[in-house]
>>> print(open('data-v5.tsv').read())   # TSV, C-alpha atoms
chain	number	residue	atom	x	y	z
A	1	MET	CA	0.00	0.00	0.00
A	2	SER	CA	1.28	3.46	-0.85
A	3	PRO	CA	2.29	5.40	2.26
A	4	LEU	CA	-0.11	8.19	1.29
A	5	VAL	CA	-3.02	5.74	1.29
A	6	SER	CA	-1.90	4.34	4.66
A	7	LEU	CA	-1.67	7.86	6.12
A	8	PHE	CA	-5.06	8.79	4.76
A	9	SER	CA	-6.85	5.73	6.12
A	10	LEU	CA	-5.10	5.97	9.50
A	11	PHE	CA	-6.15	9.56	10.11
A	12	VAL	CA	-9.68	9.29	8.73
A	13	VAL	CA	-10.37	6.39	11.11
A	14	LEU	CA	-8.66	8.24	13.95
A	15	SER	CA	-10.70	11.39	13.44
A	16	LEU	CA	-13.95	9.45	13.72
A	17	PHE	CA	-13.09	7.63	16.95
A	18	ALA	CA	-11.00	10.18	18.81
A	19	VAL	CA	-13.38	11.46	21.45
A	20	GLY	CA	-11.51	14.17	23.30
A	21	GLY	CA	-9.72	15.43	20.20
A	22	ALA	CA	-6.19	14.87	18.92
A	23	GLN	CA	-4.85	14.51	22.49
A	24	ALA	CA	-6.95	11.36	22.92
A	25	ALA	CA	-5.68	9.86	19.67
A	26	ILE	CA	-1.97	9.80	20.61
A	27	PRO	CA	-1.84	6.09	21.61
A	28	GLU	CA	-3.46	5.00	18.35
A	29	MET	CA	-1.09	7.22	16.33
A	30	HIS	CA	1.79	5.69	18.27
A	31	ARG	CA	0.52	2.14	17.84
A	32	VAL	CA	0.16	2.47	14.09
A	33	ALA	CA	3.21	4.67	13.35
A	34	VAL	CA	5.70	2.86	15.63
A	35	ASP	CA	4.42	-0.69	16.25
A	36	VAL	CA	2.43	-1.59	13.12
A	37	MET	CA	3.94	0.44	10.24
A	38	HIS	CA	7.46	0.96	11.70
A	39	TRP	CA	7.52	4.48	10.30
A	40	MET	CA	9.55	5.76	13.25
A	41	SER	CA	11.11	4.85	16.60
A	42	ASP	CA	9.63	5.47	20.03
A	43	ARG	CA	12.08	8.30	20.49
A	44	GLN	CA	11.18	9.96	17.18
A	45	PHE	CA	7.50	9.78	18.07
A	46	ALA	CA	8.16	11.47	21.42
A	47	ASP	CA	10.26	14.11	19.60
A	48	MET	CA	7.43	14.83	17.18
A	49	TYR	CA	4.94	15.26	19.97
A	50	ALA	CA	7.38	17.65	21.65
A	51	ILE	CA	7.79	19.65	18.43
A	52	SER	CA	4.01	19.83	17.99
A	53	GLN	CA	3.71	21.26	21.50
A	54	LEU	CA	6.47	23.79	20.79
A	55	SER	CA	4.53	25.01	17.76
A	56	PRO	CA	1.56	27.34	18.12
A	57	GLY	CA	-1.86	26.26	16.94
A	58	PRO	CA	-4.30	23.43	17.55
A	59	ASN	CA	-2.91	20.14	18.96
A	60	VAL	CA	-4.01	18.27	15.84
A	61	ILE	CA	-0.98	19.72	14.05
A	62	ILE	CA	1.08	16.68	15.17
A	63	VAL	CA	-0.49	14.69	12.31
A	64	ALA	CA	1.30	16.97	9.83
A	65	LEU	CA	4.64	16.11	11.47
A	66	ILE	CA	3.95	12.38	11.21
A	67	GLY	CA	2.79	12.79	7.62
A	68	PHE	CA	5.89	14.80	6.73
A	69	HIS	CA	8.16	12.16	8.23
A	70	VAL	CA	6.46	9.42	6.20
A	71	ALA	CA	5.98	11.11	2.84
A	72	GLY	CA	7.30	14.70	2.82
A	73	LEU	CA	5.06	17.65	1.98
A	74	ALA	CA	2.43	15.46	0.31
A	75	GLY	CA	2.33	13.31	3.44
A	76	ALA	CA	1.78	16.34	5.68
A	77	GLY	CA	-1.03	17.56	3.42
A	78	VAL	CA	-2.72	14.17	3.22
A	79	ALA	CA	-2.49	13.61	6.99
A	80	ILE	CA	-4.04	16.94	7.99
A	81	THR	CA	-6.72	16.70	5.27
A	82	ALA	CA	-7.71	13.19	6.37
A	83	MET	CA	-7.77	14.17	10.04
A	84	CYS	CA	-9.86	17.32	9.54
A	85	GLY	CA	-11.69	17.04	6.21
A	86	PRO	CA	-14.44	14.46	6.82
A	87	THR	CA	-15.20	15.70	10.34
A	88	CYS	CA	-15.34	19.33	9.11
A	89	VAL	CA	-18.01	18.36	6.57
A	90	LEU	CA	-19.90	16.49	9.28
A	91	ALA	CA	-19.62	19.45	11.67
A	92	TYR	CA	-20.95	21.78	8.98
A	93	PHE	CA	-24.11	19.75	8.43
A	94	VAL	CA	-24.75	18.89	12.08
A	95	ALA	CA	-24.37	22.57	13.03
A	96	ARG	CA	-27.36	23.38	10.85
A	97	ILE	CA	-29.69	20.96	12.66
A	98	TRP	CA	-28.15	21.25	16.14
A	99	ASP	CA	-31.00	23.38	17.51
A	100	ARG	CA	-33.43	20.54	16.84
A	101	PHE	CA	-31.74	18.10	19.20
A	102	LYS	CA	-29.49	20.08	21.51
A	103	GLN	CA	-32.04	19.70	24.35
A	104	ALA	CA	-32.81	16.03	23.58
A	105	ARG	CA	-32.20	13.52	26.36
A	106	TRP	CA	-30.22	11.19	24.10
A	107	ARG	CA	-27.92	14.06	23.12
A	108	VAL	CA	-27.18	14.79	26.76
A	109	ALA	CA	-26.58	11.08	27.44
A	110	VAL	CA	-24.22	10.69	24.47
A	111	GLN	CA	-22.20	13.73	25.48
A	112	GLY	CA	-22.12	12.77	29.14
A	113	GLY	CA	-21.21	9.19	28.31
A	114	LEU	CA	-18.25	10.23	26.18
A	115	VAL	CA	-16.63	12.34	28.93
A	116	PRO	CA	-15.19	9.47	31.06
A	117	LEU	CA	-14.17	7.70	27.86
A	118	SER	CA	-12.17	10.71	26.68
A	119	ILE	CA	-10.56	11.15	30.11
A	120	GLY	CA	-9.42	7.51	30.01
A	121	LEU	CA	-8.06	7.95	26.47
A	122	ILE	CA	-6.14	11.13	27.29
A	123	ALA	CA	-4.72	9.42	30.38
A	124	ALA	CA	-3.56	6.64	28.05
A	125	SER	CA	-1.93	9.32	25.84
A	126	ALA	CA	-0.01	10.70	28.79
A	127	PHE	CA	1.12	7.17	29.72
A	128	VAL	CA	2.25	6.28	26.19
A	129	LEU	CA	4.14	9.57	25.81
A	130	ALA	CA	5.85	9.24	29.19
A	131	ARG	CA	6.95	5.73	28.32
A	132	ALA	CA	8.26	6.82	24.93
A	133	ALA	CA	10.09	9.86	26.33
A	134	ASP	CA	11.35	8.80	29.75
A	135	HIS	CA	14.28	6.41	29.51
A	136	ASN	CA	15.99	7.21	32.79
A	137	PHE	CA	15.28	8.46	36.28
A	138	TYR	CA	15.92	12.14	35.51
A	139	ALA	CA	13.62	12.11	32.50
A	140	ALA	CA	10.82	10.65	34.64
A	141	LEU	CA	11.58	13.30	37.24
A	142	ILE	CA	11.14	16.05	34.62
A	143	THR	CA	7.75	14.55	33.69
A	144	ALA	CA	6.65	14.42	37.33
A	145	ALA	CA	7.90	17.92	38.14
A	146	THR	CA	6.19	19.33	35.05
A	147	ALA	CA	2.92	17.62	35.94
A	148	ALA	CA	3.02	19.05	39.48
A	149	THR	CA	3.95	22.54	38.27
A	150	ALA	CA	1.24	22.63	35.61
A	151	TYR	CA	-1.37	21.23	37.98
A	152	TRP	CA	-0.79	23.63	40.86
A	153	THR	CA	0.40	26.80	39.10
A	154	ARG	CA	-0.50	28.76	35.96
A	155	VAL	CA	3.03	29.15	34.65
A	156	ASN	CA	3.33	29.41	30.85
A	157	PRO	CA	4.19	25.96	29.39
A	158	LEU	CA	6.89	27.57	27.22
A	159	TRP	CA	8.90	28.38	30.37
A	160	ILE	CA	8.65	24.77	31.45
A	161	PHE	CA	9.85	23.68	28.01
A	162	ALA	CA	12.77	26.13	28.23
A	163	VAL	CA	13.88	24.68	31.58
A	164	ALA	CA	13.37	21.08	30.43
A	165	GLY	CA	15.26	21.76	27.19
A	166	ALA	CA	18.13	23.29	29.18
A	167	LEU	CA	18.26	20.25	31.48
A	168	GLY	CA	18.34	18.03	28.42
A	169	PHE	CA	21.12	20.16	26.89
A	170	ALA	CA	23.06	19.78	30.13
A	171	GLY	CA	22.99	16.04	29.55
A	172	LEU	CA	20.56	15.07	32.30
A	173	VAL	CA	18.17	12.96	30.21
B	1	MET	CA	-24.28	37.52	5.12
B	2	SER	CA	-22.20	40.65	5.46
B	3	ASP	CA	-21.25	42.97	8.23
B	4	SER	CA	-24.43	44.97	7.58
B	5	SER	CA	-26.58	42.27	9.18
B	6	VAL	CA	-26.10	43.46	12.74
B	7	SER	CA	-29.74	42.90	13.67
B	8	THR	CA	-29.16	39.52	15.37
B	9	PRO	CA	-30.24	40.06	18.98
B	10	HIS	CA	-27.39	38.33	20.82
B	11	THR	CA	-24.43	39.06	18.61
B	12	ALA	CA	-23.64	42.73	18.43
B	13	VAL	CA	-20.89	42.55	15.80
B	14	ARG	CA	-20.67	40.41	12.69
B	15	PRO	CA	-17.29	39.94	11.06
B	16	THR	CA	-16.67	39.84	7.33
B	17	LEU	CA	-15.04	36.76	5.80
B	18	LEU	CA	-11.67	38.49	5.70
B	19	GLU	CA	-11.94	39.53	9.36
B	20	LEU	CA	-12.83	35.93	10.18
B	21	LEU	CA	-9.74	34.63	8.39
B	22	ARG	CA	-7.47	37.19	10.06
B	23	ALA	CA	-8.92	36.63	13.52
B	24	PHE	CA	-8.48	32.85	13.41
B	25	ALA	CA	-5.01	33.19	11.89
B	26	GLY	CA	-4.15	35.51	14.79
B	27	VAL	CA	-5.40	32.97	17.32
B	28	SER	CA	-3.52	30.15	15.62
B	29	VAL	CA	-0.08	31.73	15.92
B	30	ALA	CA	-0.63	32.97	19.48
B	31	ALA	CA	-2.08	29.73	20.86
B	32	PHE	CA	0.30	27.40	22.64
B	33	GLY	CA	-0.95	24.27	24.34
B	34	GLY	CA	-4.33	24.08	22.64
B	35	ALA	CA	-6.19	26.80	20.76
B	36	LEU	CA	-9.50	26.77	22.59
B	37	PRO	CA	-8.87	29.28	25.42
B	38	TRP	CA	-7.40	31.64	22.84
B	39	SER	CA	-10.45	31.31	20.58
B	40	ARG	CA	-12.68	32.17	23.51
B	41	ARG	CA	-10.64	35.24	24.40
B	42	MET	CA	-10.71	36.47	20.82
B	43	ILE	CA	-14.40	35.80	20.04
B	44	VAL	CA	-16.09	36.60	23.35
B	45	GLU	CA	-13.82	39.05	25.14
B	46	ARG	CA	-11.98	40.99	22.44
B	47	LYS	CA	-14.29	41.03	19.43
B	48	GLY	CA	-17.70	40.49	21.02
B	49	TRP	CA	-18.77	38.19	18.17
B	50	MET	CA	-20.51	35.82	20.58
B	51	THR	CA	-21.83	35.99	24.12
B	52	ALA	CA	-20.27	33.64	26.67
B	53	GLN	CA	-23.38	31.45	26.51
B	54	GLU	CA	-23.39	31.26	22.71
B	55	PHE	CA	-19.74	30.30	22.87
B	56	ASN	CA	-20.44	27.55	25.40
B	57	GLU	CA	-23.24	26.14	23.25
B	58	ALA	CA	-21.13	26.18	20.10
B	59	PHE	CA	-18.32	24.54	22.06
B	60	ALA	CA	-20.66	21.85	23.42
B	61	LEU	CA	-21.55	21.04	19.81
B	62	SER	CA	-17.87	20.88	18.80
B	63	GLN	CA	-17.20	18.44	21.62
B	64	PHE	CA	-20.20	16.35	20.70
B	65	LEU	CA	-18.87	15.86	17.16
B	66	PRO	CA	-16.04	13.47	16.33
B	67	GLY	CA	-12.72	14.95	15.24
B	68	PRO	CA	-10.43	17.68	16.56
B	69	ASN	CA	-12.54	19.92	18.83
B	70	THR	CA	-11.01	23.27	17.98
B	71	ILE	CA	-11.32	22.64	14.25
B	72	ASN	CA	-14.96	21.65	14.75
B	73	PHE	CA	-15.48	24.86	16.67
B	74	ALA	CA	-14.04	26.89	13.78
B	75	VAL	CA	-16.50	25.16	11.41
B	76	VAL	CA	-19.48	25.77	13.72
B	77	PHE	CA	-18.61	29.42	14.31
B	78	GLY	CA	-17.53	30.16	10.73
B	79	SER	CA	-20.65	28.61	9.21
B	80	ARG	CA	-22.86	30.63	11.53
B	81	ILE	CA	-21.19	33.82	10.31
B	82	GLY	CA	-20.88	33.06	6.62
B	83	GLY	CA	-22.08	29.59	5.63
B	84	ALA	CA	-19.67	27.21	3.94
B	85	ALA	CA	-17.32	30.04	2.94
B	86	GLY	CA	-17.22	31.28	6.53
B	87	ALA	CA	-16.44	27.80	7.82
B	88	ALA	CA	-13.65	27.42	5.25
B	89	MET	CA	-12.14	30.81	6.18
B	90	ALA	CA	-12.14	30.00	9.91
B	91	VAL	CA	-10.55	26.58	9.38
B	92	ILE	CA	-7.92	27.87	6.93
B	93	GLY	CA	-7.08	30.67	9.34
B	94	LEU	CA	-6.75	28.27	12.25
B	95	ILE	CA	-4.70	25.59	10.50
B	96	GLY	CA	-2.82	27.46	7.76
B	97	PRO	CA	-0.17	29.41	9.71
B	98	PRO	CA	0.63	26.57	12.19
B	99	LEU	CA	0.88	24.18	9.25
B	100	VAL	CA	3.55	26.39	7.63
B	101	ILE	CA	5.46	26.71	10.92
B	102	VAL	CA	5.29	23.00	11.71
B	103	THR	CA	6.35	22.06	8.18
B	104	VAL	CA	9.49	24.18	8.55
B	105	LEU	CA	10.17	22.54	11.93
B	106	ALA	CA	9.55	19.09	10.42
B	107	PHE	CA	12.01	19.85	7.63
B	108	LEU	CA	14.64	20.96	10.16
B	109	TYR	CA	13.98	17.88	12.30
B	110	GLU	CA	14.37	15.50	9.35
B	111	ARG	CA	17.59	17.27	8.46
B	112	TYR	CA	19.21	17.78	11.87
B	113	GLY	CA	17.42	15.20	14.01
B	114	GLY	CA	19.98	12.70	15.30
B	115	GLN	CA	22.51	15.38	16.19
B	116	PRO	CA	23.41	14.73	19.84
B	117	THR	CA	22.84	18.29	21.09
B	118	LEU	CA	19.44	18.69	19.45
B	119	ASP	CA	18.48	15.20	20.57
B	120	ARG	CA	19.24	15.95	24.21
B	121	ILE	CA	17.27	19.21	24.16
B	122	LEU	CA	14.26	17.55	22.51
B	123	ALA	CA	14.43	14.64	24.95
B	124	GLY	CA	14.08	17.07	27.87
B	125	ILE	CA	11.17	18.84	26.19
B	126	ALA	CA	9.47	15.52	25.33
B	127	SER	CA	9.56	14.49	28.99
B	128	ALA	CA	8.04	17.84	29.98
B	129	ALA	CA	5.36	17.57	27.27
B	130	ALA	CA	4.27	14.22	28.71
B	131	GLY	CA	4.07	15.85	32.15
B	132	LEU	CA	1.82	18.63	30.82
B	133	LEU	CA	-0.61	16.02	29.58
B	134	VAL	CA	-0.56	14.27	32.97
B	135	ALA	CA	-1.57	17.59	34.58
B	136	ALA	CA	-4.32	18.13	31.98
B	137	VAL	CA	-5.75	14.68	32.69
B	138	ALA	CA	-5.63	15.26	36.44
B	139	LYS	CA	-7.57	18.51	36.02
B	140	MET	CA	-10.16	16.82	33.80
B	141	ALA	CA	-10.59	13.90	36.17
B	142	THR	CA	-10.98	15.95	39.36
B	143	PRO	CA	-14.75	16.64	38.98
B	144	MET	CA	-15.36	13.01	38.01
B	145	LEU	CA	-13.56	11.71	41.09
B	146	SER	CA	-15.02	14.19	43.56
B	147	ARG	CA	-18.64	13.26	42.89
B	148	ARG	CA	-20.48	10.58	44.83
B	149	LEU	CA	-19.79	6.99	43.88
B	150	ASN	CA	-20.59	6.39	40.22
B	151	ALA	CA	-19.49	4.37	37.20
B	152	ALA	CA	-17.55	7.10	35.33
B	153	PRO	CA	-14.11	6.34	36.84
B	154	LEU	CA	-14.57	2.68	35.92
B	155	ILE	CA	-15.26	3.59	32.28
B	156	ALA	CA	-12.20	5.84	32.25
B	157	LEU	CA	-10.09	3.06	33.78
B	158	LEU	CA	-11.30	0.52	31.21
B	159	ALA	CA	-10.55	2.92	28.33
B	160	PHE	CA	-7.10	3.58	29.77
B	161	SER	CA	-6.30	-0.11	30.26
B	162	GLY	CA	-7.54	-1.17	26.84
B	163	VAL	CA	-5.50	1.44	25.00
B	164	ALA	CA	-2.40	1.95	27.18
B	165	LEU	CA	-1.86	-1.51	28.69
B	166	MET	CA	-3.50	-3.95	26.25
B	167	HIS	CA	-2.57	-1.91	23.13
B	168	TRP	CA	-5.95	-2.61	21.57
B	169	PRO	CA	-6.85	-0.53	18.52
B	170	LEU	CA	-8.78	2.61	19.42
B	171	PRO	CA	-11.87	1.78	17.28
B	172	TYR	CA	-12.40	-1.51	19.16
B	173	VAL	CA	-12.05	0.15	22.56
B	174	PHE	CA	-14.41	2.92	21.46
B	175	LEU	CA	-17.05	0.59	20.04
B	176	GLY	CA	-16.85	-1.64	23.09
B	177	LEU	CA	-17.11	1.08	25.71
B	178	ALA	CA	-19.12	3.93	24.15
B	179	PRO	CA	-22.50	2.09	24.13
B	180	LEU	CA	-21.99	1.00	27.74
B	181	SER	CA	-20.92	4.45	28.87
B	182	ILE	CA	-23.77	6.17	27.04
B	183	ALA	CA	-26.30	3.70	28.48
B	184	LEU	CA	-24.96	4.40	31.99
B	185	ALA	CA	-25.20	8.14	31.37
B	186	TRP	CA	-28.80	7.68	30.14
B	187	LEU	CA	-29.62	5.88	33.37
B	188	GLY	CA	-27.88	8.59	35.36
B	189	ARG	CA	-25.18	6.30	36.73
B	190	THR	CA	-22.18	8.34	35.67
B	191	SER	CA	-23.10	11.73	37.09
>>> encode(input="data-v5.tsv", output="structure tokens")
Amino acid sequence: MSPLVSLFSLFVVLSLFAVGGAQAAIPEMHRVAVDVMHWMSDRQFADMYAISQLSPGPNVIIVALIGFHVAGLAGAGVAITAMCGPTCVLAYFVARIWDRFKQARWRVAVQGGLVPLSIGLIAASAFVLARAADHNFYAALITAATAATAYWTRVNPLWIFAVAGALGFAGLV
Amino acid sequence: MSDSSVSTPHTAVRPTLLELLRAFAGVSVAAFGGALPWSRRMIVERKGWMTAQEFNEAFALSQFLPGPNTINFAVVFGSRIGGAAGAAMAVIGLIGPPLVIVTVLAFLYERYGGQPTLDRILAGIASAAAGLLVAAVAKMATPMLSRRLNAAPLIALLAFSGVALMHWPLPYVFLGLAPLSIALAWLGRTS
């Protein structure tokens, strides 16, 4: 199968099942890109997630990095189109009839039911990323310290990245 | 629809298509760590294009839909302002500039990735990025865990185990758990 076709089918499927957005889809991206297709190593995947967080814009932008790695510019274009295109069309049409069912009991149940599912999936993302990124004690310590800092303070994530990057530069991870 | 249609009761100001494109492009390059809070600031607080309640409703819809939430929001908001063209402008504005930036970074990474110095810096940042997600999950889970005993944490735990520990494909985990979770929500067992 051509890599462009593989990219397209991966991200179309992902976009339809990723409740909780791109952040919830990280484990599936990792599973396919690293374990099934062998497009990249664990380390490279963790690097790409880091680069996507260093870039401004919506989190979904990581799919362009994966696409670029697999098939250059065409790969980036195919990945982002597959991830956003079909769901954009769906969003457009549902938005027009939303008023008809936004108060419906089933709508409330569907939305409420998906919340714990998306929390579990995003927790899985955090786990998969930590395992891909943390190969020694100090790396795990950076993850833990970042989690505590971001949970209890409102410090800008870019400062945390600057410190973590400096610690990495110093040879700690 | 143009900017002359200011008669809508709730929304005082209506942007043109070009304003829409520029506003979302502005959000996209300023937004680090998820674009949603930045969209809210721009639309509700700075431009007054939506009231807080309209924003919340449009956001509820974007979360209800499959796919990236912020992109869905751009479609919902853009189409309300200017139909299909409005939706396209909002999405292009939101994705276009970050796509250019990330493509340049991807090119540099493919070229210089593997150099020891760059590798060490990225390794540190990757560990921190994982930690940020841990904090985000903890914040999301707090309301779920602080309510009286209910089934929601169990659903979350099953989703986590299936994907993170068993490495099952996401569609299987979703199709297995979503009907159960929605049924429990219908019966009021997860709130």
>>> residues_around(input="data-v5.tsv", residues="His69 (chain A)", least_positions_apart="2", cutoff="9 Å", atoms="all atoms listed in the file", output="list of chain:residue names")
A:Trp39, A:Met40, A:Ala64, A:Leu65, A:Ile66, A:Gly67, A:Ala71, A:Gly72, A:Leu73, A:Gly75, A:Ala76, B:Ala106, B:Phe107, B:Glu110
>>> axis_aligned_box(input="data-v5.tsv", around="region 15-27 of chain A", padding_each_side="3 Å", output="JSON")
{"center_x": -7.9, "center_y": 10.8, "center_z": 18.4, "size_x": 18.1, "size_y": 15.3, "size_z": 15.9}
>>> atom_distance(input="data-v5.tsv", atom1="CA of Leu149 (chain B)", atom2="CA of Ser62 (chain B)")
28.7 Å
>>> residues_around(input="data-v5.tsv", residues="Leu145 (chain B)", least_positions_apart="4", cutoff="12 Å", atoms="all atoms listed in the file", output="list in words")
Pro116 and Ile119 of chain A; Val137, Ala138, Lys139, Met140, Ala141, Leu149, Asn150, Ala151, Ala152, Pro153, Leu154, Ala156, Leu157, Thr190 and Ser191 of chain B
>>> closest_residue(input="data-v5.tsv", among="A:Ile80, A:Leu4, A:Ala91, A:Leu10", to="Val36 (chain A)", atoms="all atoms listed in the file")
A:Leu10
>>> residues_around(input="data-v5.tsv", residues="region 126-129 of chain A", least_positions_apart="4", cutoff="12 Å", atoms="only C-alpha atoms", output="number ranges by chain")
A: 23-31, 34, 42-50, 119-122, 133-135, 139-140, 143-144, 147; B: 123, 125-138, 160-161, 163-167
>>> residues_near_point(input="data-v5.tsv", point="(-14.6, 31.9, 10.9)", cutoff="6 Å", atoms="all atoms listed in the file", output="ChimeraX atom specification")
/B:20,74,77-78,86-87,89-90
>>> write_last_selection(input="data-v5.tsv", atoms="C-alpha atoms", output="short mmCIF file (atom, residue, chain, number, x, y, z; two decimals), in the frame of the given file")
data_model
loop_
_atom_site.label_atom_id
_atom_site.label_comp_id
_atom_site.auth_asym_id
_atom_site.auth_seq_id
_atom_site.Cartn_x
_atom_site.Cartn_y
_atom_site.Cartn_z
CA LEU B 20 -12.83 35.93 10.18
CA ALA B 74 -14.04 26.89 13.78
CA PHE B 77 -18.61 29.42 14.31
CA GLY B 78 -17.53 30.16 10.73
CA GLY B 86 -17.22 31.28 6.53
CA ALA B 87 -16.44 27.80 7.82
CA MET B 89 -12.14 30.81 6.18
CA ALA B 90 -12.14 30.00 9.91
#
>>> atom_distance(input="data-v5.tsv", atom1="CA of Phe17 (chain A)", atom2="CA of Gly85 (chain A)")
14.3 Å
>>> atom_distance(input="data-v5.tsv", atom1="CA of Gly20 (chain A)", atom2="CA of Pro157 (chain A)")
20.6 Å
>>> residues_around(input="data-v5.tsv", residues="Val100 (chain B)", least_positions_apart="4", cutoff="12 Å", atoms="all atoms listed in the file", output="PyMOL selection string")
(chain A and resi 55-57+61+64-65+68+73+76-77) or (chain B and resi 25+28-29+92-96+104-107)
